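S.K.: One structure, as structure tokens, below. Some questions next.
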Amino acid sequence: CTTEIEKMRATILSRCAPSFMIHPVPPEGIARRLAAICSQEGIVFDFRMLQVIAEVTECHIRDALKAVEGISMLGEINESNVKSYLHLDLNTLYLEVLDKALCDLKSAMSALNSLLEQVSPATCYDRLTEIAMLAYQTSLGAVKVPIYWDANHLKEVGLKHGDSLLKIANR
């Protein structure tokens, strides 16, 4: 069983039954399914936040369902609970670290220490490299910015630091 049929050897593929292709579902489709489940389970939800969950979990239904379950333990599926549970409330701090690291090290370290109080160093490093690339690509107009980001702030950081962000992202 694989999701990458192109990596299967032709000899194996030729002996298998016709392959069953699973096609990706867009965030809105995942959000509609989550809405149906929330309604069935009596969970109060904001549909836009279900779309955010779908995007953050990269449209993996199992991960999206686990996120809904965890968020529902905090209460409603609303902006505050979604941002808190998925750590989206830290996006501003991540951008501050990237923005200030190149011009105001003291402020960058303060923001970094705030992040490290809430996430592991490995998670922080991974997110900073991902966000550096996202900011760089956003400044070029090369990507659609996920709905859980402040697109203007992301683009501003990308335009301000351009190539330096690319170097951070490629470490």
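Following the order of the structure tokens, first chain is A, next is B, and so on, with residues numbered from 1 inside each chain and ligands from 1 in the order they appear.
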At a cut-off of 8 Å, can you tabulate as a tab-separated table every residue of stretch 53-121 of chain A near stretch 141-156 of chain A together with its closest atom pair and the distance in Å to one decimal, using only C-alpha atoms and ordering rows by chain then number?

M.R.:
```
residue	atom	partner	partner_atom	distance
A:Glu55	CA	A:Pro146	CA	6.9
A:Leu88	CA	A:Tyr148	CA	7.3
A:Asn91	CA	A:Trp149	CA	7.4
A:Leu95	CA	A:Leu154	CA	7.2
```

S.K.: Name all residues at most 12 Å from A:Leu74 (count only C-alpha atoms; drop same-chain ones fewer than 4 positions away) and give them as number ranges by chain.

M.R.: A: 43-44, 67-70, 78-86

S.K.: Kindly save the residues from that selection, with all heavy atoms included, as a short mmCIF file (atom, residue, chain, number, x, y, z; two decimals), in the first residue's frame.

M.R.:
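The resulting file, part25.cif, is shown below:
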```cif
data_model
loop_
_atom_site.label_atom_id
_atom_site.label_comp_id
_atom_site.auth_asym_id
_atom_site.auth_seq_id
_atom_site.Cartn_x
_atom_site.Cartn_y
_atom_site.Cartn_z
N ILE A 43 -21.13 19.57 18.63
CA ILE A 43 -20.03 20.50 18.87
C ILE A 43 -20.33 21.81 18.15
O ILE A 43 -20.57 21.82 16.94
CB ILE A 43 -18.69 19.91 18.37
CG1 ILE A 43 -18.38 18.60 19.10
CG2 ILE A 43 -17.56 20.92 18.54
CD1 ILE A 43 -17.22 17.82 18.48
N VAL A 44 -20.33 22.92 18.88
CA VAL A 44 -20.56 24.23 18.28
C VAL A 44 -19.30 24.63 17.52
O VAL A 44 -18.19 24.50 18.04
CB VAL A 44 -20.89 25.27 19.38
CG1 VAL A 44 -21.08 26.64 18.78
CG2 VAL A 44 -22.11 24.83 20.17
N ALA A 67 -7.55 17.08 15.60
CA ALA A 67 -7.51 18.49 16.01
C ALA A 67 -8.88 18.95 16.50
O ALA A 67 -8.98 19.61 17.53
CB ALA A 67 -7.03 19.36 14.84
N VAL A 68 -9.93 18.58 15.77
CA VAL A 68 -11.29 18.94 16.20
C VAL A 68 -11.59 18.35 17.57
O VAL A 68 -12.14 19.02 18.45
CB VAL A 68 -12.34 18.50 15.15
CG1 VAL A 68 -13.75 18.54 15.72
CG2 VAL A 68 -12.25 19.39 13.92
N GLU A 69 -11.20 17.10 17.77
CA GLU A 69 -11.43 16.46 19.06
C GLU A 69 -10.71 17.22 20.18
O GLU A 69 -11.29 17.51 21.23
CB GLU A 69 -10.95 15.01 19.02
CG GLU A 69 -11.14 14.27 20.33
CD GLU A 69 -10.61 12.85 20.29
OE1 GLU A 69 -9.75 12.53 19.44
OE2 GLU A 69 -11.07 12.05 21.13
N GLY A 70 -9.45 17.56 19.96
CA GLY A 70 -8.68 18.28 20.97
C GLY A 70 -9.24 19.67 21.24
O GLY A 70 -9.36 20.10 22.39
N ASN A 78 -13.90 27.70 17.90
CA ASN A 78 -13.89 29.12 17.56
C ASN A 78 -12.45 29.60 17.35
O ASN A 78 -11.50 28.84 17.57
CB ASN A 78 -14.62 29.95 18.63
CG ASN A 78 -13.98 29.81 20.00
OD1 ASN A 78 -12.79 29.58 20.14
ND2 ASN A 78 -14.79 29.96 21.04
N GLU A 79 -12.30 30.84 16.94
CA GLU A 79 -10.97 31.36 16.60
C GLU A 79 -10.00 31.27 17.77
O GLU A 79 -8.86 30.83 17.62
CB GLU A 79 -11.08 32.81 16.12
CG GLU A 79 -9.76 33.36 15.63
CD GLU A 79 -9.89 34.72 14.97
OE1 GLU A 79 -11.00 35.27 14.92
OE2 GLU A 79 -8.85 35.23 14.51
N SER A 80 -10.43 31.64 18.94
CA SER A 80 -9.56 31.63 20.10
C SER A 80 -9.06 30.23 20.43
O SER A 80 -7.85 30.01 20.62
CB SER A 80 -10.31 32.22 21.30
OG SER A 80 -9.56 32.07 22.47
N ASN A 81 -9.97 29.26 20.48
CA ASN A 81 -9.58 27.90 20.81
C ASN A 81 -8.73 27.25 19.73
O ASN A 81 -7.79 26.51 20.02
CB ASN A 81 -10.82 27.04 21.10
CG ASN A 81 -11.48 27.41 22.40
OD1 ASN A 81 -10.87 28.01 23.29
ND2 ASN A 81 -12.75 27.07 22.54
N VAL A 82 -9.05 27.53 18.46
CA VAL A 82 -8.28 26.97 17.35
C VAL A 82 -6.86 27.52 17.38
O VAL A 82 -5.88 26.77 17.28
CB VAL A 82 -8.96 27.24 15.99
CG1 VAL A 82 -8.04 26.92 14.82
CG2 VAL A 82 -10.25 26.44 15.88
N LYS A 83 -6.72 28.83 17.53
CA LYS A 83 -5.39 29.45 17.55
C LYS A 83 -4.56 28.93 18.73
O LYS A 83 -3.38 28.65 18.59
CB LYS A 83 -5.50 30.97 17.61
CG LYS A 83 -5.83 31.58 16.29
CD LYS A 83 -5.80 33.09 16.35
CE LYS A 83 -5.98 33.68 14.97
NZ LYS A 83 -5.84 35.13 14.99
N SER A 84 -5.20 28.78 19.86
CA SER A 84 -4.50 28.30 21.05
C SER A 84 -4.06 26.85 20.88
O SER A 84 -2.90 26.51 21.09
CB SER A 84 -5.39 28.46 22.28
OG SER A 84 -4.78 27.90 23.41
N TYR A 85 -4.98 25.98 20.50
CA TYR A 85 -4.69 24.54 20.40
C TYR A 85 -3.65 24.24 19.32
O TYR A 85 -2.77 23.41 19.51
CB TYR A 85 -5.98 23.76 20.13
CG TYR A 85 -5.78 22.26 20.15
CD1 TYR A 85 -5.78 21.56 21.35
CD2 TYR A 85 -5.58 21.56 18.97
CE1 TYR A 85 -5.58 20.18 21.37
CE2 TYR A 85 -5.39 20.17 18.98
CZ TYR A 85 -5.39 19.50 20.18
OH TYR A 85 -5.18 18.15 20.20
N LEU A 86 -3.76 24.92 18.19
CA LEU A 86 -2.85 24.66 17.07
C LEU A 86 -1.61 25.57 17.09
O LEU A 86 -0.82 25.56 16.16
CB LEU A 86 -3.59 24.82 15.74
CG LEU A 86 -4.73 23.84 15.50
CD1 LEU A 86 -5.48 24.18 14.22
CD2 LEU A 86 -4.22 22.41 15.47
#
```

S.K.: Just give me the gap between atom CA of A:Glu96 and atom CA of A:Ser110 in Å, one decimal is fine.

M.R.: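 Distance reported for this atom pair: 9.7 Å.
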
S.K.: Determine, for each residue of stretch 51-102 of chain A having at least one atom at most 10 Å from an atom of stretch 119-133 of chain A, the closest pair of atoms and their separation in Å to one decimal, counting only C-alpha atoms; order by chain and ascending number, as CSV.

M.R.:
```
residue,atom,partner,partner_atom,distance
A:His87,CA,A:Val119,CA,8.9
A:Leu90,CA,A:Val119,CA,9.5
A:Asn91,CA,A:Ile131,CA,8.7
A:Tyr94,CA,A:Leu128,CA,6.3
A:Leu95,CA,A:Ile131,CA,7.5
A:Val97,CA,A:Leu128,CA,8.3
A:Leu98,CA,A:Ala132,CA,7.0
A:Asp99,CA,A:Ala132,CA,9.6
```

S.K.: List as a count of residues only the protein and nucleic acid residues near A:Cys59, meaning an atom at most 12 Å away when only C-alpha atoms are counted, but skip any in the same chain fewer than 4 places from it.

M.R.: 22
